[in-house]
$ cat run_10.txt   # compact mmCIF, C-alpha atoms
# COMPACT_ATOMS: atom_id res chain seq x y z
CA MET A 682 -32.00 29.27 -51.20
CA LEU A 683 -28.22 29.24 -50.93
CA MET A 684 -26.76 32.60 -50.01
CA PRO A 685 -23.37 33.65 -51.39
CA LEU A 686 -20.56 34.09 -48.88
CA GLY A 687 -20.06 37.64 -47.74
CA VAL A 688 -16.75 39.45 -47.88
CA PHE A 689 -14.56 39.74 -44.81
CA LEU A 690 -15.07 43.11 -43.07
CA PRO A 691 -14.11 44.70 -39.77
CA ALA A 692 -16.70 43.67 -37.14
CA GLU A 693 -17.93 47.25 -36.66
CA LEU A 694 -18.59 47.65 -40.40
CA LEU A 695 -20.33 44.29 -40.71
CA LEU A 696 -22.62 45.18 -37.79
CA SER A 697 -23.27 48.71 -39.07
CA ARG A 698 -24.57 47.28 -42.35
CA GLU A 699 -27.22 45.42 -40.32
CA CYS A 700 -26.87 42.32 -42.49
CA CYS A 701 -26.31 39.88 -39.60
CA GLN A 702 -29.37 38.02 -38.45
CA ALA A 703 -29.76 36.17 -35.18
CA GLY A 704 -28.74 32.57 -35.81
CA ASP A 705 -26.06 33.39 -38.41
CA LEU A 706 -22.65 31.76 -38.20
CA LEU A 707 -19.82 34.26 -38.35
CA GLU A 708 -16.32 33.34 -39.46
CA ILE A 709 -13.46 35.34 -37.96
CA ASP A 710 -10.27 35.26 -40.03
CA ARG A 711 -7.35 34.64 -37.68
CA LYS A 712 -4.97 34.31 -40.68
CA LEU A 713 -3.83 30.74 -39.92
CA TYR A 714 -7.28 29.44 -39.03
CA ALA A 715 -10.86 30.64 -38.62
CA HIS A 716 -12.63 31.17 -35.31
CA TRP A 717 -16.39 30.65 -35.40
CA VAL A 718 -19.21 32.28 -33.43
CA VAL A 719 -23.02 32.31 -33.49
CA TYR A 720 -24.61 35.74 -33.82
CA ILE A 721 -27.53 36.06 -31.38
CA GLY A 722 -28.53 39.66 -32.13
CA ASN A 723 -27.86 43.02 -30.49
CA ASN A 724 -24.16 42.86 -31.55
CA GLU A 725 -23.65 39.77 -29.34
CA VAL A 726 -22.29 36.33 -30.11
CA VAL A 727 -21.94 32.98 -28.36
CA HIS A 728 -18.67 31.10 -28.80
CA VAL A 729 -16.10 28.79 -27.28
CA PRO A 730 -12.99 30.81 -26.46
CA GLU A 731 -9.78 29.78 -28.16
CA THR A 732 -7.58 27.90 -25.71
CA ARG A 733 -4.99 25.21 -25.29
CA LYS A 734 -7.08 23.60 -22.55
CA ASN A 735 -9.30 20.53 -22.97
CA LYS A 736 -12.34 22.17 -21.40
CA VAL A 737 -13.69 25.67 -21.94
CA VAL A 738 -16.63 27.70 -20.66
CA VAL A 739 -19.00 28.90 -23.41
CA GLU A 740 -19.20 32.71 -23.48
CA LYS A 741 -21.67 35.36 -24.61
CA CYS A 742 -20.00 38.65 -25.52
CA SER A 743 -19.84 41.37 -28.15
CA LEU A 744 -18.66 40.49 -31.63
CA GLU A 745 -16.07 43.27 -31.47
CA SER A 746 -14.47 41.81 -28.33
CA VAL A 747 -14.04 38.42 -30.00
CA ALA A 748 -13.03 39.68 -33.43
CA GLN A 749 -10.63 42.33 -32.11
CA ASP A 750 -8.74 43.57 -35.19
CA CYS A 751 -9.56 40.50 -37.33
CA LEU A 752 -11.97 40.53 -40.25
CA VAL A 753 -15.37 38.81 -40.08
CA ARG A 754 -17.94 37.50 -42.55
CA ILE A 755 -21.28 35.75 -42.47
CA ASN A 756 -20.77 32.10 -43.41
CA ASN A 757 -23.71 29.86 -42.62
CA LYS A 758 -21.91 26.89 -44.21
CA GLN A 759 -24.90 26.15 -46.44
CA VAL A 760 -22.96 24.32 -49.15
CA PRO A 761 -21.13 21.99 -46.72
CA ALA A 762 -24.48 21.38 -44.97
CA LYS A 763 -26.16 20.55 -48.28
CA ASP A 764 -23.27 18.20 -49.13
CA ARG A 765 -23.86 16.47 -45.79
CA GLY A 766 -27.61 16.28 -46.35
CA VAL A 767 -28.50 18.39 -43.32
CA SER A 768 -30.78 21.41 -43.02
CA GLU A 769 -30.53 24.56 -40.96
CA LEU A 770 -32.53 24.68 -37.77
CA ALA A 771 -34.91 27.62 -37.36
CA ARG A 772 -33.05 30.80 -36.36
CA GLU A 773 -34.86 31.03 -33.02
CA VAL A 774 -33.84 27.42 -32.27
CA VAL A 775 -30.19 28.21 -33.12
CA VAL A 776 -30.25 31.22 -30.77
CA ALA A 777 -31.96 29.20 -28.01
CA ASN A 778 -29.40 26.41 -28.46
CA ALA A 779 -26.56 28.92 -28.22
CA LEU A 780 -27.95 30.69 -25.16
CA SER A 781 -28.57 27.39 -23.39
CA CYS A 782 -24.83 26.64 -23.66
CA VAL A 783 -23.62 29.93 -22.14
CA GLY A 784 -21.75 29.27 -18.91
CA SER A 785 -21.51 25.54 -19.52
CA THR A 786 -18.21 23.74 -19.81
CA VAL A 787 -17.61 21.95 -23.10
CA ARG A 788 -14.80 19.83 -24.48
CA TYR A 789 -12.39 21.78 -26.68
CA ASN A 790 -9.84 20.31 -29.02
CA PHE A 791 -8.57 22.10 -32.11
CA VAL A 792 -8.60 18.88 -34.11
CA VAL A 793 -11.84 17.14 -33.09
CA SER A 794 -13.98 19.64 -31.15
CA ASN A 795 -13.21 23.26 -32.05
CA SER A 796 -15.29 26.42 -32.48
CA GLU A 797 -16.43 25.33 -35.95
CA HIS A 798 -17.69 22.00 -34.60
CA PHE A 799 -19.52 23.93 -31.85
CA VAL A 800 -21.36 26.40 -34.10
CA THR A 801 -22.31 23.86 -36.79
CA ARG A 802 -23.79 21.64 -34.07
CA LEU A 803 -25.90 24.59 -32.87
CA LYS A 804 -27.03 25.50 -36.41
CA TYR A 805 -27.51 22.03 -37.95
CA GLY A 806 -27.78 19.59 -35.05
CA ILE A 807 -24.50 17.91 -36.02
CA GLY A 808 -21.02 19.34 -35.72
CA TRP A 809 -18.23 19.34 -38.26
CA SER A 810 -15.13 21.35 -39.02
CA ASP A 811 -13.93 21.67 -42.59
CA GLN A 812 -10.72 23.39 -41.48
CA ALA A 813 -9.90 20.59 -39.02
CA LYS A 814 -10.61 18.01 -41.71
CA ALA A 815 -8.30 19.83 -44.13
CA MET A 816 -5.61 20.15 -41.47
CA ARG A 817 -5.84 16.45 -40.53
CA HIS A 818 -5.64 15.53 -44.21
CA SER A 819 -2.57 17.69 -44.84
CA MET A 820 -0.86 16.58 -41.64
CA SER A 821 -1.49 12.89 -42.31
CA SER A 822 1.13 12.95 -45.01
CA LEU A 823 3.65 14.46 -42.59
CA SER A 824 3.23 12.18 -39.61
CA PRO A 825 1.57 8.96 -38.55
CA THR A 826 -2.08 9.21 -37.49
CA PRO A 827 -2.50 9.38 -33.70
CA SER A 828 -3.76 6.03 -32.48
CA SER A 829 -4.83 6.93 -28.95
CA PRO A 830 -6.74 9.75 -27.26
CA ARG A 831 -3.50 10.75 -25.54
CA GLN A 832 -1.76 11.15 -28.92
CA VAL A 833 -4.67 13.22 -30.24
CA GLU A 834 -4.44 15.45 -27.15
CA LYS A 835 -0.68 15.86 -27.62
CA ALA A 836 -1.21 16.75 -31.29
CA HIS A 837 -3.82 19.33 -30.26
CA LEU A 838 -1.43 20.94 -27.76
CA ASP A 839 1.43 20.89 -30.27
CA ILE A 840 -0.72 22.59 -32.92
CA TRP A 841 -1.91 25.27 -30.49
CA SER A 842 1.62 25.84 -29.29
CA GLU A 843 2.84 26.40 -32.84
CA ILE A 844 -0.07 28.70 -33.71
CA HIS A 845 0.52 30.67 -30.52
CA ASN A 846 4.26 30.98 -31.29
CA ILE A 847 3.57 32.24 -34.80
CA LEU A 848 0.94 34.75 -33.69
CA THR A 849 2.95 36.14 -30.78
CA SER A 850 6.40 36.22 -32.33
CA SER A 851 7.85 39.48 -33.47
CA PRO A 852 8.07 40.03 -37.19
CA PRO A 853 11.51 39.41 -38.62
CA VAL A 854 13.75 42.43 -38.54
CA SER A 855 14.88 43.45 -41.98
CA PRO A 856 18.59 43.80 -42.38
CA SER A 857 19.69 47.39 -42.29
CA SER A 858 21.04 48.63 -45.53
CA SER A 859 24.64 49.65 -45.47
CA PRO A 860 25.65 53.00 -46.99
$ encode --input "run_10.txt" --output "structure tokens"
Amino acid sequence: MLMPLGVFLPAELLLSRECCQAGDLLEIDRKLYAHWVVYIGNNEVVHVPETRKNKVVVEKCSLESVAQDCLVRINNKQVPAKDRGVSELAREVVVANALSCVGSTVRYNFVVSNSEHFVTRLKYGIGWSDQAKAMRHSMSSLSPTPSSPRQVEKAHLDIWSEIHNILTSSPPVSPSSSP
């Protein structure tokens, strides 16, 4: 049975409602993109930290520490999975898959191997990222498609650099009104 998407809530509120089940995929709204984690129970998640590096160590931590002040929702990606003809693995298998990755180093690339790819692989046995696909599609009209792994890597670093600049820049100062 397909479950409707939940609303985005602060992590503490989502957890207090006790609606998260071990093996759920949680989507964290970072405004310009979504960060994805696997809920493993007891207010803990497994995820690949957001980075500009090619390799990252898989972490287990509290949902609140990952979400920070961003909103979170349960999104098990059931419709995209159905469209791809894949089925969810059993919840205990998803949790075991996630825990087996903790401490391991995995490839990370915003375009071809991001947090969404990671969690869908744990939940469905194959990884995909709808946001990366949408971004690649929209960017393809703006620039030529990278033809080598080095160009893909440069595109990844450029994207992360721009996201980082946007997120860390000060808001524009409004002009003071003159009397």
$ residues_around --input "run_10.txt" --residues "stretch 755-763 of chain A" --least-positions-apart "6" --cutoff "6 Å" --atoms "only C-alpha atoms" --output "PDB file with C-alpha atoms, keeping the file's coordinate frame"
ATOM      1  CA  LEU A 686     -20.560  34.090 -48.880  1.00  0.00           C
ATOM      2  CA  GLY A 687     -20.060  37.640 -47.740  1.00  0.00           C
ATOM      3  CA  ASP A 705     -26.060  33.390 -38.410  1.00  0.00           C
ATOM      4  CA  LEU A 706     -22.650  31.760 -38.200  1.00  0.00           C
ATOM      5  CA  LEU A 707     -19.820  34.260 -38.350  1.00  0.00           C
TER       6      LEU A 707
END
$ residues_around --input "run_10.txt" --residues "A:Arg788" --least-positions-apart "6" --cutoff "7 Å" --atoms "only C-alpha atoms" --output "PyMOL selection string"
chain A and resi 735-737+794
$ residues_around --input "run_10.txt" --residues "A:Cys751" --least-positions-apart "4" --cutoff "10 Å" --atoms "only C-alpha atoms" --output "count of residues only"
10
$ closest_residue --input "run_10.txt" --among "A:Val718, A:Cys742, A:Cys701, A:Leu713" --to "A:Gly784" --atoms "all atoms listed in the file"
A:Cys742
$ atom_distance --input "run_10.txt" --atom1 "atom CA of A:Val729" --atom2 "atom CA of A:Val793"
13.7 Å
$ atom_distance --input "run_10.txt" --atom1 "atom CA of A:Cys700" --atom2 "atom CA of A:Val727"
17.6 Å
$ residues_around --input "run_10.txt" --residues "stretch 719-722 of chain A" --least-positions-apart "2" --cutoff "12 Å" --atoms "all atoms listed in the file" --output "PyMOL selection string"
chain A and resi 692+695-696+699-709+716-717+724-729+739-745+747+753-757+772-783+796-804
$ atom_distance --input "run_10.txt" --atom1 "atom CA of A:Asn790" --atom2 "atom CA of A:Tyr714"
13.8 Å
$ closest_residue --input "run_10.txt" --among "A:Leu694, A:Trp809, A:Leu770, A:Lys734" --to "A:Leu752" --atoms "all atoms listed in the file"
A:Leu694
$ closest_residue --input "run_10.txt" --among "A:Val787, A:Ser697, A:Ala748, A:Val767" --to "A:Asn723" --atoms "all atoms listed in the file"
A:Ser697
$ closest_residue --input "run_10.txt" --among "A:Gly766, A:Ala771, A:Lys835, A:Gln749" --to "A:Arg733" --atoms "only C-alpha atoms"
A:Lys835
$ axis_aligned_box --input "run_10.txt" --around "stretch 725-734 of chain A" --padding-each-side "5 Å" --output "lines of an AutoDock Vina configuration file"
center_x = -14.3
center_y = 31.7
center_z = -26.3
size_x = 28.7
size_y = 26.2
size_z = 17.6
